[in-house]
file structure.txt (compact mmCIF, C-alpha atoms)
# COMPACT_ATOMS: atom_id res chain seq x y z
CA MET A 5 -105.80 -1.33 -61.05
CA ARG A 6 -103.99 -3.14 -63.87
CA PRO A 7 -105.31 -2.09 -67.30
CA ASN A 8 -106.83 -5.04 -69.15
CA HIS A 9 -105.15 -4.19 -72.46
CA LEU A 10 -101.65 -4.86 -71.10
CA PRO A 11 -101.00 -8.60 -71.32
CA PRO A 12 -98.81 -10.51 -68.86
CA ALA A 13 -95.39 -11.42 -70.18
CA VAL A 14 -92.41 -13.69 -69.52
CA VAL A 15 -88.98 -12.09 -69.06
CA GLY A 16 -85.92 -14.29 -69.52
CA LEU A 17 -82.32 -13.35 -68.96
CA SER A 18 -79.89 -14.59 -71.62
CA GLU A 19 -78.70 -17.49 -69.43
CA SER A 20 -82.27 -18.85 -69.32
CA GLN A 21 -83.71 -17.40 -72.52
CA THR A 22 -84.33 -20.77 -74.22
CA LEU A 23 -86.27 -22.07 -71.24
CA ALA A 24 -88.14 -18.78 -70.78
CA SER A 25 -89.21 -18.78 -74.43
CA ALA A 26 -90.44 -22.37 -74.19
CA ILE A 27 -92.45 -21.56 -71.04
CA ALA A 28 -93.98 -18.48 -72.67
CA ARG A 29 -94.87 -20.31 -75.88
CA GLN A 30 -96.56 -23.19 -74.06
CA ALA A 31 -98.35 -20.87 -71.63
CA GLY A 32 -99.63 -18.75 -74.52
CA ILE A 33 -98.19 -15.46 -73.30
CA PRO A 34 -95.60 -13.19 -74.94
CA VAL A 35 -91.91 -12.81 -74.16
CA LEU A 36 -90.84 -9.33 -73.13
CA PRO A 37 -87.78 -8.33 -75.22
CA LEU A 38 -84.79 -7.34 -73.15
CA GLU A 39 -81.63 -5.44 -74.06
CA GLU A 40 -78.56 -6.94 -72.37
CA ARG A 41 -75.24 -5.16 -72.73
CA ALA A 42 -71.91 -6.12 -71.17
CA PHE A 43 -69.25 -3.57 -70.25
CA ASP A 44 -65.59 -3.84 -69.30
CA GLY A 45 -64.92 -5.05 -65.78
CA GLY A 46 -67.96 -7.32 -65.64
CA GLU A 47 -70.56 -4.53 -65.44
CA PHE A 48 -73.77 -4.79 -67.44
CA LYS A 49 -77.01 -3.13 -68.41
CA LEU A 50 -80.49 -4.68 -68.56
CA ARG A 51 -83.32 -2.73 -70.21
CA PRO A 52 -86.84 -3.84 -71.22
CA LEU A 53 -87.54 -2.87 -74.82
CA GLU A 54 -91.28 -2.50 -74.16
CA SER A 55 -93.24 -0.71 -71.49
CA VAL A 56 -93.64 -2.74 -68.30
CA ARG A 57 -95.93 -0.27 -66.54
CA ALA A 58 -98.88 -2.03 -64.92
CA ARG A 59 -97.90 -5.39 -66.44
CA GLN A 60 -97.85 -8.76 -64.72
CA LEU A 61 -94.40 -10.26 -65.31
CA PHE A 62 -92.90 -13.71 -64.82
CA VAL A 63 -89.10 -13.44 -64.56
CA VAL A 64 -87.28 -16.68 -65.43
CA GLN A 65 -83.71 -17.32 -64.27
CA SER A 66 -82.04 -20.62 -63.44
CA LEU A 67 -79.25 -20.08 -60.91
CA ALA A 68 -77.14 -23.05 -62.02
CA ALA A 69 -73.53 -22.05 -62.62
CA THR A 70 -71.61 -22.29 -65.87
CA ALA A 71 -68.07 -21.18 -66.65
CA GLU A 72 -69.48 -18.13 -68.44
CA ALA A 73 -72.09 -17.28 -65.78
CA PRO A 74 -71.37 -18.38 -62.18
CA ALA A 75 -74.30 -18.65 -59.79
CA PRO A 76 -73.50 -15.37 -57.94
CA ALA A 77 -73.39 -13.49 -61.26
CA ARG A 78 -76.73 -14.96 -62.31
CA LEU A 79 -78.25 -13.96 -58.98
CA VAL A 80 -76.93 -10.38 -59.20
CA ARG A 81 -78.29 -10.02 -62.74
CA LEU A 82 -81.68 -11.26 -61.55
CA LEU A 83 -81.67 -8.79 -58.65
CA PHE A 84 -80.80 -5.87 -60.93
CA LEU A 85 -83.50 -6.86 -63.41
CA LEU A 86 -86.15 -7.11 -60.69
CA GLN A 87 -85.25 -3.66 -59.38
CA GLY A 88 -85.38 -2.20 -62.87
CA LEU A 89 -88.80 -3.74 -63.54
CA ARG A 90 -90.10 -2.34 -60.27
CA ASP A 91 -88.71 1.11 -61.13
CA GLY A 92 -90.47 0.79 -64.50
CA GLY A 93 -93.82 0.41 -62.79
CA ALA A 94 -94.51 -3.31 -63.36
CA HIS A 95 -97.71 -4.39 -61.62
CA SER A 96 -96.16 -7.60 -60.29
CA ARG A 97 -92.89 -9.52 -60.61
CA MET A 98 -93.17 -13.26 -60.09
CA VAL A 99 -89.76 -14.94 -60.10
CA VAL A 100 -89.54 -18.38 -61.73
CA LEU A 101 -86.52 -20.29 -60.42
CA PRO A 102 -86.15 -23.69 -62.15
CA TYR A 103 -83.02 -24.18 -60.04
CA PHE A 104 -82.63 -22.38 -56.71
CA ALA A 105 -78.92 -22.15 -55.95
CA PHE A 106 -77.66 -21.57 -52.39
CA ALA A 107 -80.67 -23.48 -51.01
CA ARG A 108 -78.65 -26.36 -49.52
CA LYS A 109 -77.42 -24.19 -46.66
CA ASP A 110 -80.82 -23.71 -45.05
CA ARG A 111 -80.00 -24.13 -41.34
CA ARG A 112 -77.15 -23.79 -38.87
CA THR A 113 -75.27 -26.99 -38.18
CA GLN A 114 -72.25 -25.32 -36.56
CA LEU A 115 -71.63 -22.16 -34.58
CA ARG A 116 -71.79 -18.99 -36.71
CA ASP A 117 -73.03 -20.89 -39.75
CA PRO A 118 -74.75 -18.72 -42.39
CA VAL A 119 -78.31 -19.49 -43.47
CA THR A 120 -77.73 -18.74 -47.13
CA ALA A 121 -81.17 -19.76 -48.37
CA ARG A 122 -82.77 -17.10 -46.18
CA TYR A 123 -80.25 -14.48 -47.31
CA VAL A 124 -81.15 -15.11 -50.95
CA ALA A 125 -84.84 -14.83 -50.07
CA GLU A 126 -84.25 -11.46 -48.40
CA LEU A 127 -82.29 -10.20 -51.42
CA LEU A 128 -85.03 -11.20 -53.86
CA GLU A 129 -87.71 -9.57 -51.72
CA ALA A 130 -85.67 -6.37 -51.36
CA ALA A 131 -85.12 -6.20 -55.13
CA GLY A 132 -88.83 -6.28 -55.84
CA ALA A 133 -89.95 -9.91 -56.16
CA ASP A 134 -93.52 -10.21 -54.91
CA GLY A 135 -93.91 -13.92 -55.60
CA LEU A 136 -91.73 -16.92 -56.44
CA ILE A 137 -92.07 -20.32 -58.10
CA ALA A 138 -89.30 -22.86 -57.56
CA LEU A 139 -88.77 -26.50 -58.51
CA ASP A 140 -87.73 -29.24 -56.07
CA VAL A 141 -85.82 -27.14 -53.58
CA HIS A 142 -83.53 -29.03 -51.21
CA ASN A 143 -85.71 -28.51 -48.14
CA PRO A 144 -89.32 -27.41 -48.85
CA ALA A 145 -90.01 -26.55 -45.19
CA ALA A 146 -86.97 -24.27 -44.99
CA PHE A 147 -87.94 -22.76 -48.35
CA ASP A 148 -91.41 -21.89 -47.07
CA ASN A 149 -90.01 -20.34 -43.91
CA ALA A 150 -87.33 -18.29 -45.71
CA PHE A 151 -89.75 -16.10 -47.67
CA ARG A 152 -92.31 -13.51 -46.63
CA ILE A 153 -93.76 -13.26 -50.14
CA PRO A 154 -96.12 -15.90 -51.64
CA THR A 155 -94.23 -18.94 -52.88
CA VAL A 156 -95.15 -21.98 -54.95
CA HIS A 157 -93.02 -25.10 -54.64
CA MET A 158 -93.31 -27.21 -57.78
CA THR A 159 -92.03 -30.75 -58.04
CA ALA A 160 -90.90 -32.96 -60.90
CA LEU A 161 -91.98 -36.12 -59.04
CA PRO A 162 -95.30 -36.64 -60.90
CA MET A 163 -93.49 -36.13 -64.22
CA LEU A 164 -90.79 -38.63 -63.20
CA ALA A 165 -93.45 -41.10 -62.02
CA GLU A 166 -95.22 -40.96 -65.40
CA HIS A 167 -91.88 -41.48 -67.14
CA PHE A 168 -91.03 -44.62 -65.17
CA LEU A 169 -94.55 -46.04 -65.26
CA GLY A 170 -94.19 -47.38 -68.79
CA ARG A 171 -90.54 -48.36 -68.49
CA LEU A 172 -90.43 -50.63 -65.45
CA ASP A 173 -91.02 -54.37 -65.71
CA ALA A 174 -94.50 -55.17 -64.45
CA HIS A 175 -93.32 -58.52 -63.06
CA THR A 176 -90.23 -57.34 -61.16
CA PRO A 177 -90.60 -55.88 -57.66
CA ILE A 178 -89.78 -52.16 -57.55
CA THR A 179 -88.17 -50.27 -54.67
CA VAL A 180 -87.66 -46.52 -54.43
CA VAL A 181 -84.33 -45.73 -52.77
CA SER A 182 -83.26 -42.53 -51.05
CA PRO A 183 -79.47 -42.04 -51.24
CA ASP A 184 -79.47 -40.60 -47.71
CA VAL A 185 -81.71 -40.27 -44.67
CA GLY A 186 -82.56 -36.65 -45.49
CA GLY A 187 -84.29 -37.64 -48.71
CA ILE A 188 -86.62 -40.27 -47.23
CA LYS A 189 -89.67 -37.98 -47.30
CA ARG A 190 -89.10 -37.23 -50.99
CA ALA A 191 -88.67 -40.95 -51.73
CA GLN A 192 -91.85 -41.74 -49.79
CA ILE A 193 -93.88 -39.26 -51.86
CA PHE A 194 -92.45 -40.71 -55.07
CA ARG A 195 -93.24 -44.22 -53.87
CA GLU A 196 -96.86 -43.21 -53.21
CA LEU A 197 -97.15 -41.64 -56.67
CA LEU A 198 -95.85 -44.82 -58.34
CA THR A 199 -98.06 -47.05 -56.18
CA ALA A 200 -101.18 -45.06 -57.05
CA ARG A 201 -100.42 -45.27 -60.78
CA CYS A 202 -99.28 -48.87 -61.21
CA GLY A 203 -101.71 -50.44 -58.74
CA ARG A 204 -99.15 -52.55 -56.91
CA GLU A 205 -97.05 -52.14 -53.82
CA ILE A 206 -93.72 -50.34 -54.23
CA GLY A 207 -90.93 -50.82 -51.70
CA LEU A 208 -88.93 -48.12 -49.91
CA ALA A 209 -85.26 -48.18 -48.85
CA PHE A 210 -82.47 -45.77 -47.99
CA VAL A 211 -78.70 -45.71 -47.87
CA GLU A 212 -76.74 -44.51 -44.85
CA LYS A 213 -74.62 -41.43 -45.46
CA ARG A 214 -72.36 -39.48 -43.13
CA ARG A 215 -70.65 -36.17 -43.80
CA ALA A 216 -67.91 -34.76 -41.55
CA ARG A 217 -65.63 -31.85 -42.49
CA GLY A 218 -66.50 -32.25 -46.14
CA ILE A 219 -65.76 -35.98 -46.23
CA VAL A 220 -68.67 -38.29 -47.11
CA SER A 221 -68.72 -41.85 -45.81
CA GLY A 222 -71.21 -44.62 -45.13
CA GLY A 223 -73.07 -46.81 -47.58
CA ALA A 224 -75.07 -49.32 -45.52
CA LEU A 225 -78.39 -50.19 -47.15
CA ALA A 226 -81.64 -50.30 -45.16
CA GLY A 227 -84.34 -52.18 -47.07
CA GLU A 228 -84.99 -55.27 -49.18
CA LEU A 229 -83.59 -55.12 -52.72
CA ALA A 230 -82.75 -58.71 -53.69
CA ALA A 231 -83.99 -59.26 -57.28
CA HIS A 232 -85.74 -55.84 -57.19
CA THR A 233 -85.55 -52.96 -59.63
CA ALA A 234 -84.21 -49.98 -57.69
CA VAL A 235 -85.08 -46.37 -58.54
CA VAL A 236 -82.63 -44.11 -56.70
CA LEU A 237 -84.21 -40.68 -56.31
CA ASP A 238 -82.64 -37.34 -55.38
CA ASP A 239 -83.30 -33.66 -55.91
CA LEU A 240 -79.74 -32.75 -56.85
CA CYS A 241 -76.63 -34.29 -58.40
CA ALA A 242 -73.51 -32.16 -57.94
CA THR A 243 -70.50 -34.46 -58.21
CA GLY A 244 -72.48 -37.69 -58.53
CA GLY A 245 -70.71 -39.29 -55.56
CA THR A 246 -73.78 -39.75 -53.34
CA LEU A 247 -75.88 -41.29 -56.10
CA ILE A 248 -73.09 -43.59 -57.31
CA ARG A 249 -72.49 -44.75 -53.73
CA ALA A 250 -76.21 -45.48 -53.36
CA ALA A 251 -76.34 -47.35 -56.68
CA SER A 252 -73.38 -49.50 -55.64
CA ALA A 253 -75.10 -50.29 -52.33
CA CYS A 254 -78.21 -51.36 -54.25
CA ARG A 255 -76.18 -53.71 -56.43
CA GLU A 256 -74.47 -55.16 -53.37
CA GLY A 257 -77.95 -55.67 -51.89
CA GLY A 258 -78.92 -57.81 -54.88
CA ALA A 259 -80.79 -55.31 -57.06
CA ALA A 260 -81.44 -56.64 -60.57
CA ALA A 261 -81.32 -53.13 -62.08
CA VAL A 262 -80.62 -49.64 -60.81
CA HIS A 263 -82.14 -46.51 -62.33
CA VAL A 264 -81.35 -42.99 -61.12
CA ALA A 265 -83.86 -40.13 -61.17
CA VAL A 266 -82.76 -36.63 -60.24
CA THR A 267 -84.28 -33.20 -60.83
CA HIS A 268 -81.24 -30.90 -60.91
CA THR A 269 -77.81 -31.55 -62.45
CA PRO A 270 -76.04 -28.18 -62.13
CA LEU A 271 -72.56 -29.53 -62.93
CA ASP A 272 -71.97 -31.45 -66.15
CA ALA A 273 -69.03 -33.24 -64.52
CA GLY A 274 -71.42 -34.80 -62.00
CA LEU A 275 -73.78 -35.91 -64.74
CA ALA A 276 -70.88 -37.39 -66.71
CA ALA A 277 -69.83 -39.33 -63.60
CA LEU A 278 -73.32 -40.83 -63.32
CA ILE A 279 -73.34 -41.87 -66.96
CA ALA A 280 -69.94 -43.53 -66.59
CA ALA A 281 -70.90 -45.41 -63.41
CA GLU A 282 -71.22 -49.15 -64.10
CA PRO A 283 -73.84 -49.93 -61.39
CA ILE A 284 -76.37 -47.59 -63.03
CA ASN A 285 -78.61 -48.78 -65.87
CA SER A 286 -80.18 -45.41 -66.74
CA ILE A 287 -80.28 -41.81 -65.60
CA THR A 288 -83.35 -39.59 -65.88
CA VAL A 289 -82.93 -35.85 -65.27
CA THR A 290 -84.75 -32.61 -66.08
CA ASP A 291 -83.43 -29.61 -67.96
CA SER A 292 -83.99 -27.28 -64.97
CA VAL A 293 -80.44 -25.95 -65.16
CA GLY A 294 -80.89 -24.81 -68.73
CA PHE A 295 -78.43 -27.12 -70.44
CA THR A 296 -77.86 -30.83 -71.04
CA LEU A 297 -74.67 -32.83 -71.35
CA PRO A 298 -73.57 -33.28 -74.98
CA ALA A 299 -73.42 -36.94 -75.92
CA SER A 300 -69.77 -36.54 -76.90
CA HIS A 301 -68.83 -35.83 -73.28
CA ALA A 302 -69.62 -39.32 -72.06
CA PRO A 303 -69.70 -42.64 -73.94
CA GLY A 304 -73.18 -44.12 -73.92
CA ALA A 305 -74.86 -40.88 -72.91
CA THR A 306 -77.54 -41.05 -75.57
CA GLU A 307 -78.50 -44.61 -74.61
CA ARG A 308 -78.51 -44.19 -70.83
CA LEU A 309 -79.54 -40.56 -70.32
CA VAL A 310 -83.12 -39.27 -70.57
CA THR A 311 -83.81 -35.55 -70.17
CA LEU A 312 -87.35 -34.42 -69.33
CA PRO A 313 -88.30 -30.80 -70.13
CA VAL A 314 -89.62 -28.63 -67.29
CA ALA A 315 -91.09 -25.93 -69.55
CA PRO A 316 -94.50 -27.70 -69.80
CA LEU A 317 -94.72 -27.90 -66.00
CA PHE A 318 -93.97 -24.20 -65.46
CA ALA A 319 -96.17 -23.21 -68.40
CA GLU A 320 -99.13 -25.06 -66.92
CA ALA A 321 -98.48 -23.45 -63.52
CA LEU A 322 -98.46 -19.98 -65.12
CA ARG A 323 -101.59 -20.73 -67.12
CA ARG A 324 -103.41 -21.83 -63.98
CA MET A 325 -102.31 -18.75 -62.05
CA LEU A 326 -103.49 -16.40 -64.78
CA ALA A 327 -106.81 -18.26 -65.01
CA GLY A 328 -107.33 -18.23 -61.25
CA GLU A 329 -107.12 -22.02 -61.07
CA PRO A 330 -105.33 -23.99 -58.32
CA VAL A 331 -101.74 -25.10 -58.89
CA ALA A 332 -101.85 -27.81 -56.24
CA PRO A 333 -103.11 -30.58 -58.61
CA LEU A 334 -99.75 -30.37 -60.42
CA LEU A 335 -98.08 -31.66 -57.27
CA GLU A 336 -100.06 -34.90 -57.50
CA ARG A 337 -100.50 -35.69 -61.18
CA TRP A 338 -98.62 -34.69 -64.29
CA PRO A 339 -101.15 -33.52 -66.91
CA GLY A 340 -98.72 -33.91 -69.81
call {"tool": "encode", "arguments": {"input": "structure.txt", "output": "structure tokens"}}
result
Amino acid sequence: MRPNHLPPAVVGLSESQTLASAIARQAGIPVLPLEERAFDGGEFKLRPLESVRARQLFVVQSLAATAEAPAPARLVRLLFLLQGLRDGGAHSRMVVLPYFAFARKDRRTQLRDPVTARYVAELLEAAGADGLIALDVHNPAAFDNAFRIPTVHMTALPMLAEHFLGRLDAHTPITVVSPDVGGIKRAQIFRELLTARCGREIGLAFVEKRRARGIVSGGALAGELAAHTAVVLDDLCATGGTLIRAASACREGGAAAVHVAVTHTPLDAGLAALIAAEPINSITVTDSVGFTLPASHAPGATERLVTLPVAPLFAEALRRMLAGEPVAPLLERWPG
């Protein structure tokens, strides 16, 4: 049984320390100090500076790549930390993944294809994760099926809906647009959230997209957008090409304005491409990857880019878990 005098704690690796500290502060629980030492040849050491025995721990690590810390390196560091916490006798180790890298390859589309999302799940489980919280994974159904430990799939959609609610013209028709067929379900949920909040009907459209041997084509628009405000929604912006293609299709379809909303922007080059794209009026993203694009990297960034923090969302999820309250209401309404 876990002793009552040992409080739960948040553990954040250096790549995600700012986000981990914000989550801990807003959830009202302490941060576990961690020694991180680098050695020649890329080796490293991770050591908790306080006892972890019988403690409930939330381990925060975004797997978005940077030049200093590629995604595989971040994953390996997370795996080593989990194993060390288990060896130290931690009562539980709940992984908090604001951005779940490797999740896009979640099924076989060709012979001998890997299923990388499942491989990452198996590695985390083997290293000692006994629960996981992730934000807007590419395919929620595949995410659920990949893990054998309890998982919680959070979404930024209610937060994005609240953001747009006060910024869209009440007299202009609004249409939510998926940039490809695969994102229609996500766009439908977002449309329902907006409809419930603004009390008027919101349209739904999608843009055709084809991918063959790494080459993306298509761009036909399905849906009515003439004189509408379009909100193009996606879970991920890598290079920005898919979203820019969708925004251009919306303009060609007669959209009066085009706004882009995306949860994850793991590559700053992709975000810069969105900001520079003429068809797009504004871009709203979250800070799930742990960094934001400096305004100096793209002209007009400060005027067209809005970054929403995810720390309050994760903090509320942790608070509810510790209090024995359901997390599901966060999937429907943003309490912030």
call {"tool": "closest_atom_pairs", "arguments": {"input": "structure.txt", "of": "range 240-293 of chain A", "to": "range 86-102 of chain A", "cutoff": "10 Å", "atoms": "only C-alpha atoms", "output": "Markdown table"}}
result
| residue | atom | partner | partner_atom | distance |
| --- | --- | --- | --- | --- |
| A:Thr267 | CA | A:Pro102 | CA | 9.8 |
| A:His268 | CA | A:Pro102 | CA | 8.8 |
| A:Thr290 | CA | A:Pro102 | CA | 9.8 |
| A:Asp291 | CA | A:Pro102 | CA | 8.7 |
| A:Ser292 | CA | A:Pro102 | CA | 5.1 |
| A:Val293 | CA | A:Pro102 | CA | 6.8 |
call {"tool": "closest_residue", "arguments": {"input": "structure.txt", "among": "A:Val262, A:Val63, A:Ala69, A:Cys254", "to": "Leu136 in chain A", "atoms": "only C-alpha atoms"}}
result
A:Val63
call {"tool": "closest_residue", "arguments": {"input": "structure.txt", "among": "A:Leu161, A:Leu229, A:Val56, A:Val156", "to": "Pro12 in chain A", "atoms": "all atoms listed in the file"}}
result
A:Val56
call {"tool": "atom_distance", "arguments": {"input": "structure.txt", "atom1": "CA of Gly32 in chain A", "atom2": "CA of Pro316 in chain A"}}
result
11.3 Å
call {"tool": "closest_atom_pairs", "arguments": {"input": "structure.txt", "of": "range 143-165 of chain A", "to": "range 328-339 of chain A", "cutoff": "8 Å", "atoms": "only C-alpha atoms", "output": "CSV"}}
result
residue,atom,partner,partner_atom,distance
A:Met158,CA,A:Leu335,CA,6.5
A:Thr159,CA,A:Leu335,CA,6.2
A:Leu161,CA,A:Leu335,CA,7.8
A:Pro162,CA,A:Trp338,CA,5.1
A:Met163,CA,A:Trp338,CA,5.3
call {"tool": "closest_atom_pairs", "arguments": {"input": "structure.txt", "of": "range 65-143 of chain A", "to": "range 231-248 of chain A", "cutoff": "9 Å", "atoms": "only C-alpha atoms", "output": "tab-separated table"}}
result
residue	atom	partner	partner_atom	distance
A:Asp140	CA	A:Asp239	CA	6.3
A:Val141	CA	A:Asp239	CA	7.4
A:His142	CA	A:Asp239	CA	6.6
